[in-house]
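**Student:** One structure coming up, written as structure tokens, with questions to follow.
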Amino acid sequence: MSEALSGVRLAEANAAVAVGPPGRAEGNESLAVPSKARKDVPARTVSGRRRLGPGRSVPCGRLLGPSLLIALWWAASAGGLLDPRILSGPGTVVSTAVDLVADGRLQGNVLISLQRAGLGLLFGVTAGVALAVAAGLSRTGEYLLDGPLQIKRAIPSLAMLPLLILWLGIGEGMKVTVIALGVAVNMYINTYASLTGIDSRHVELAEVLELSRWRFLRKVVLPGSLPGFFVGLRLGVTSSWLGLIVVEQINATSGIGYMMFQAQQYAQSDVIIVGLVAYGTFGFASDALVRAIERRALSWRRTLAG
């Protein structure tokens with residue numbers, strides 16, 4: 001008896017679903033929906049589907065957060081909430097930056113910092129990608145390389161500073177090496193994960209089609225590894241700036257970090273903030289550049305970010 005009742009209820013539910021959405025039905029029958037229930041119906045797009053994604057992107061929308069932060073800083077400084085001896089206001093910082101540019105100090109130190117960060121990024125990306133390819137496409141390479149590199153990932157590059165100073169001294173070679181080590185680990189981890197995450201069915205299909213090694217790398221390996229490569233590149237760019245901040249305060253005679261270290265000794269908070277703004281500006285701009293290249297290189301993907 002219970003089975004019969006369940007069957008009747010199931011038939012009634014199917015009939016109710018078959019009637020369709022609230023509104024007019026065939027004949028004089030209609031399904032009435034209470035007004036309170038209609039208010040709870042979620043908003044839908046023009047096509048009748050709910051919008052679950054983050055929405056359409058706005059040009060230069062990423063500038064909203066930094067602009068809001070600067071506006072709050074300016075308002076707090078104008079309202080007297082900030083002690084200028086501890087944190088200078090935006091007006092003072094801009095005036096100091098203009099004076100540093102007029103003296104030639106700012107652009108000279110910026111060029112030195114860009115050179116160090118650029119060399120470290122270049123060497124780190126090259127080494128990280130080469131190691132990832134060797135470990136990701138060969139079992140022998142994986143057994144030999146992945147273990148030591150995973151150990152290196154657990155050891156911060158900055159923790160190796162005493163040993164690197166002992167080996168390389170305190171010159172430019174040590175500074176570039178510290179930056180390159182941090183970049184290389186990020187590049188290896190993400191590129192290797194992307195390589196080993198390629199669907200094995202794509203490899204089997206390449207074998208069935210008898211693709212050459214070069215065509216296999218170009219048609220399967222390269223597209224499959226690009227997403228992880230760009231994630232590693234973004235992290236590597238950030239890592240290069242983080243390493244630069246540290247190494248430029250170790251017996252340096254030039255660079256943004258050196259300029260900030262000298263300003264600390266004379267309690268010049270405005271000069272320190274100029275250096276921080278320079279670091280932040282270059283970091284934000286370099287990340288935006290990598291994002292733009294990534295969108296162009298991976299234009300075939302349909303993602304939430306797009």
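The chains in the structure tokens are called A, B, ... from first to last as shown; in each chain the residues are counted from 1, and the ligands are counted from 1 in the order shown.
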Can you tell me which residues surround region 134-151 of chain A at a distance of at most 10 Å, considering only C-alpha atoms, apart from same-chain residues fewer than 2 positions away, and format the answer as a list in words?

**Tutor:**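 Result of the neighbour search: Gly128, Val129, Ala130, Leu131, Ala132, Arg153, Ala154, Ile155, Ala184, Val185, Tyr188, Ile189, Thr191, Tyr192, Ala193, Ser194, Leu195, Thr196, Gly197, Leu217 and Val221 of chain A.
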
**Student:** Keeping only all heavy atoms, write those residues as a compact mmCIF listing (two decimals), in the first residue's frame.

**Tutor:**
# COMPACT_ATOMS: atom_id res chain seq x y z
N GLY A 128 64.50 27.45 -13.43
CA GLY A 128 63.30 26.77 -12.95
C GLY A 128 62.58 26.00 -14.04
O GLY A 128 62.15 24.86 -13.84
N VAL A 129 62.45 26.61 -15.22
CA VAL A 129 61.77 25.94 -16.33
C VAL A 129 62.59 24.74 -16.82
O VAL A 129 62.04 23.66 -17.09
CB VAL A 129 61.51 26.93 -17.48
CG1 VAL A 129 61.01 26.21 -18.72
CG2 VAL A 129 60.50 27.98 -17.05
N ALA A 130 63.91 24.89 -16.92
CA ALA A 130 64.75 23.79 -17.37
C ALA A 130 64.66 22.60 -16.41
O ALA A 130 64.54 21.44 -16.84
CB ALA A 130 66.20 24.26 -17.51
N LEU A 131 64.69 22.87 -15.12
CA LEU A 131 64.59 21.79 -14.14
C LEU A 131 63.20 21.14 -14.17
O LEU A 131 63.07 19.92 -14.04
CB LEU A 131 64.88 22.33 -12.74
CG LEU A 131 66.33 22.78 -12.48
CD1 LEU A 131 66.43 23.51 -11.15
CD2 LEU A 131 67.27 21.59 -12.51
N ALA A 132 62.16 21.95 -14.36
CA ALA A 132 60.80 21.41 -14.41
C ALA A 132 60.62 20.50 -15.63
O ALA A 132 59.99 19.44 -15.54
CB ALA A 132 59.78 22.55 -14.44
N ARG A 153 62.64 24.01 -1.38
CA ARG A 153 61.43 24.82 -1.18
C ARG A 153 61.15 25.04 0.29
O ARG A 153 60.63 26.09 0.68
CB ARG A 153 60.24 24.13 -1.84
CG ARG A 153 58.96 24.93 -1.74
CD ARG A 153 57.82 24.27 -2.45
NE ARG A 153 57.42 23.02 -1.85
CZ ARG A 153 56.22 22.46 -2.00
NH1 ARG A 153 55.32 23.04 -2.76
NH2 ARG A 153 55.94 21.31 -1.44
N ALA A 154 61.48 24.07 1.12
CA ALA A 154 61.25 24.20 2.56
C ALA A 154 62.28 25.11 3.23
O ALA A 154 62.10 25.50 4.39
CB ALA A 154 61.25 22.83 3.23
N ILE A 155 63.36 25.43 2.53
CA ILE A 155 64.41 26.30 3.08
C ILE A 155 64.29 27.66 2.41
O ILE A 155 64.54 27.78 1.20
CB ILE A 155 65.81 25.72 2.83
CG1 ILE A 155 65.92 24.32 3.43
CG2 ILE A 155 66.88 26.64 3.41
CD1 ILE A 155 67.24 23.64 3.12
N ALA A 184 63.56 30.68 -9.06
CA ALA A 184 63.67 29.35 -9.66
C ALA A 184 62.78 28.34 -8.95
O ALA A 184 62.15 27.49 -9.61
CB ALA A 184 65.13 28.89 -9.60
N VAL A 185 62.69 28.41 -7.64
CA VAL A 185 61.85 27.45 -6.91
C VAL A 185 60.38 27.64 -7.27
O VAL A 185 59.66 26.66 -7.51
CB VAL A 185 62.08 27.60 -5.39
CG1 VAL A 185 61.06 26.78 -4.61
CG2 VAL A 185 63.48 27.17 -5.03
N TYR A 188 59.85 26.30 -10.80
CA TYR A 188 59.91 24.84 -10.87
C TYR A 188 58.63 24.21 -10.33
O TYR A 188 58.04 23.33 -10.97
CB TYR A 188 61.12 24.32 -10.08
CG TYR A 188 61.08 22.82 -9.92
CD1 TYR A 188 61.51 22.00 -10.96
CD2 TYR A 188 60.58 22.22 -8.77
CE1 TYR A 188 61.46 20.61 -10.84
CE2 TYR A 188 60.52 20.85 -8.64
CZ TYR A 188 60.96 20.05 -9.68
OH TYR A 188 60.89 18.68 -9.56
N ILE A 189 58.20 24.62 -9.15
CA ILE A 189 57.05 23.99 -8.50
C ILE A 189 55.81 24.08 -9.38
O ILE A 189 55.11 23.09 -9.63
CB ILE A 189 56.79 24.62 -7.13
CG1 ILE A 189 57.96 24.34 -6.18
CG2 ILE A 189 55.49 24.11 -6.54
CD1 ILE A 189 58.20 22.90 -5.88
N THR A 191 55.51 24.99 -12.73
CA THR A 191 55.65 24.40 -14.06
C THR A 191 55.67 22.89 -13.99
O THR A 191 55.06 22.20 -14.82
CB THR A 191 56.93 24.92 -14.74
OG1 THR A 191 56.94 26.35 -14.71
CG2 THR A 191 56.99 24.47 -16.18
N TYR A 192 56.35 22.34 -13.01
CA TYR A 192 56.40 20.88 -12.84
C TYR A 192 55.01 20.32 -12.55
O TYR A 192 54.61 19.29 -13.10
CB TYR A 192 57.36 20.53 -11.72
CG TYR A 192 57.36 19.07 -11.33
CD1 TYR A 192 58.00 18.13 -12.12
CD2 TYR A 192 56.72 18.64 -10.17
CE1 TYR A 192 58.00 16.78 -11.77
CE2 TYR A 192 56.72 17.31 -9.81
CZ TYR A 192 57.36 16.39 -10.62
OH TYR A 192 57.35 15.06 -10.27
N ALA A 193 54.25 20.99 -11.68
CA ALA A 193 52.89 20.54 -11.37
C ALA A 193 52.01 20.59 -12.61
O ALA A 193 51.17 19.70 -12.83
CB ALA A 193 52.30 21.40 -10.26
N SER A 194 52.18 21.61 -13.43
CA SER A 194 51.39 21.71 -14.65
C SER A 194 51.78 20.64 -15.66
O SER A 194 50.92 20.06 -16.34
CB SER A 194 51.57 23.10 -15.26
OG SER A 194 50.70 23.30 -16.34
N LEU A 195 53.07 20.33 -15.76
CA LEU A 195 53.52 19.29 -16.69
C LEU A 195 53.01 17.92 -16.29
O LEU A 195 52.50 17.16 -17.12
CB LEU A 195 55.06 19.28 -16.74
CG LEU A 195 55.74 20.32 -17.62
CD1 LEU A 195 57.24 20.30 -17.40
CD2 LEU A 195 55.43 20.06 -19.08
N THR A 196 53.15 17.59 -15.02
CA THR A 196 52.71 16.27 -14.56
C THR A 196 51.18 16.17 -14.49
O THR A 196 50.65 15.07 -14.34
CB THR A 196 53.30 15.97 -13.17
OG1 THR A 196 52.97 17.04 -12.26
CG2 THR A 196 54.81 15.84 -13.25
N GLY A 197 50.48 17.30 -14.59
CA GLY A 197 49.02 17.28 -14.58
C GLY A 197 48.40 17.16 -15.96
O GLY A 197 47.17 17.16 -16.08
N LEU A 217 56.19 17.99 -28.02
CA LEU A 217 56.47 19.10 -27.10
C LEU A 217 55.68 20.34 -27.48
O LEU A 217 55.17 21.06 -26.61
CB LEU A 217 57.97 19.40 -27.11
CG LEU A 217 58.89 18.33 -26.52
CD1 LEU A 217 60.34 18.72 -26.72
CD2 LEU A 217 58.60 18.10 -25.06
N VAL A 221 52.84 19.32 -24.80
CA VAL A 221 53.52 19.75 -23.58
C VAL A 221 53.43 21.26 -23.38
O VAL A 221 53.09 21.73 -22.28
CB VAL A 221 54.99 19.29 -23.61
CG1 VAL A 221 55.75 19.86 -22.42
CG2 VAL A 221 55.07 17.78 -23.61

**Student:** Just the residues within 6 Å of region 226-243 of chain A, please, counting only C-alpha atoms, with nothing from its chain fewer than 4 positions along; format it as a VMD selection string.

**Tutor:** chain A and resid 117 179 182 to 183 186 to 187 190 to 191 194

**Student:** Please provide the set of residues having any atom within 9 Å of Leu164 (chain A), restricted to only C-alpha atoms, with same-chain residues fewer than 3 positions apart removed, written as a PDB file with N, CA, C and O atoms, in the first residue's frame.

**Tutor:**
ATOM      1  N   MET A 160      69.550  31.202   3.501  1.00  0.00           N
ATOM      2  CA  MET A 160      70.834  30.780   2.954  1.00  0.00           C
ATOM      3  C   MET A 160      71.805  31.945   2.795  1.00  0.00           C
ATOM      4  O   MET A 160      72.912  31.764   2.277  1.00  0.00           O
ATOM      5  N   LEU A 161      71.385  33.140   3.216  1.00  0.00           N
ATOM      6  CA  LEU A 161      72.245  34.315   3.053  1.00  0.00           C
ATOM      7  C   LEU A 161      73.629  34.149   3.690  1.00  0.00           C
ATOM      8  O   LEU A 161      74.640  34.470   3.043  1.00  0.00           O
ATOM      9  N   TRP A 167      80.275  32.007   0.443  1.00  0.00           N
ATOM     10  CA  TRP A 167      80.719  31.465  -0.842  1.00  0.00           C
ATOM     11  C   TRP A 167      81.016  32.559  -1.874  1.00  0.00           C
ATOM     12  O   TRP A 167      82.008  32.496  -2.586  1.00  0.00           O
ATOM     13  N   LEU A 168      80.093  33.531  -1.974  1.00  0.00           N
ATOM     14  CA  LEU A 168      80.145  34.491  -3.075  1.00  0.00           C
ATOM     15  C   LEU A 168      80.569  35.892  -2.659  1.00  0.00           C
ATOM     16  O   LEU A 168      80.708  36.771  -3.524  1.00  0.00           O
ATOM     17  N   GLY A 169      80.730  36.121  -1.364  1.00  0.00           N
ATOM     18  CA  GLY A 169      81.066  37.457  -0.921  1.00  0.00           C
ATOM     19  C   GLY A 169      79.810  38.323  -0.824  1.00  0.00           C
ATOM     20  O   GLY A 169      78.683  37.832  -0.760  1.00  0.00           O
ATOM     21  N   ILE A 170      80.011  39.634  -0.804  1.00  0.00           N
ATOM     22  CA  ILE A 170      78.892  40.565  -0.625  1.00  0.00           C
ATOM     23  C   ILE A 170      78.691  41.434  -1.856  1.00  0.00           C
ATOM     24  O   ILE A 170      78.096  42.510  -1.768  1.00  0.00           O
ATOM     25  N   MET A 174      76.275  37.739  -5.330  1.00  0.00           N
ATOM     26  CA  MET A 174      75.471  37.199  -4.240  1.00  0.00           C
ATOM     27  C   MET A 174      74.050  37.720  -4.292  1.00  0.00           C
ATOM     28  O   MET A 174      73.082  36.970  -4.102  1.00  0.00           O
ATOM     29  N   THR A 177      72.125  36.076  -7.096  1.00  0.00           N
ATOM     30  CA  THR A 177      71.912  34.656  -6.802  1.00  0.00           C
ATOM     31  C   THR A 177      70.761  34.461  -5.822  1.00  0.00           C
ATOM     32  O   THR A 177      69.940  33.548  -5.986  1.00  0.00           O
ATOM     33  N   VAL A 178      70.691  35.290  -4.796  1.00  0.00           N
ATOM     34  CA  VAL A 178      69.589  35.178  -3.830  1.00  0.00           C
ATOM     35  C   VAL A 178      68.246  35.377  -4.524  1.00  0.00           C
ATOM     36  O   VAL A 178      67.280  34.635  -4.298  1.00  0.00           O
TER      37      VAL A 178
END

**Student:** As a ChimeraX atom specification, please: every residue in region 64-253 of chain A that a backbone DSSP assignment puts in helix (DSSP H, G or I).

**Tutor:** /A:64-78,90-103,105-136,139-154,157-168,172-196,200-208,213-247

**Student:** Provide the CA of Leu205 (chain A) to CA of Arg301 (chain A) distance in Å, to one decimal place.

**Tutor:**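 So the two atoms, CA of Leu205 (chain A) and CA of Arg301 (chain A), lie 21.0 Å apart.
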
**Student:** Could you tell me how far CA of Pro90 (chain A) lies from CA of Trp74 (chain A), in Å and to one decimal?

**Tutor:** 6.0 Å

**Student:** Would you mind listing what lies within 8 Å of Ser269 (chain A) as a list of chain:residue names, with only C-alpha atoms counted and same-chain residues fewer than 4 positions away left out?

**Tutor:** A:Arg85, A:Ile86, A:Leu87, A:Ser88, A:Ala263, A:Gln264, A:Ile273
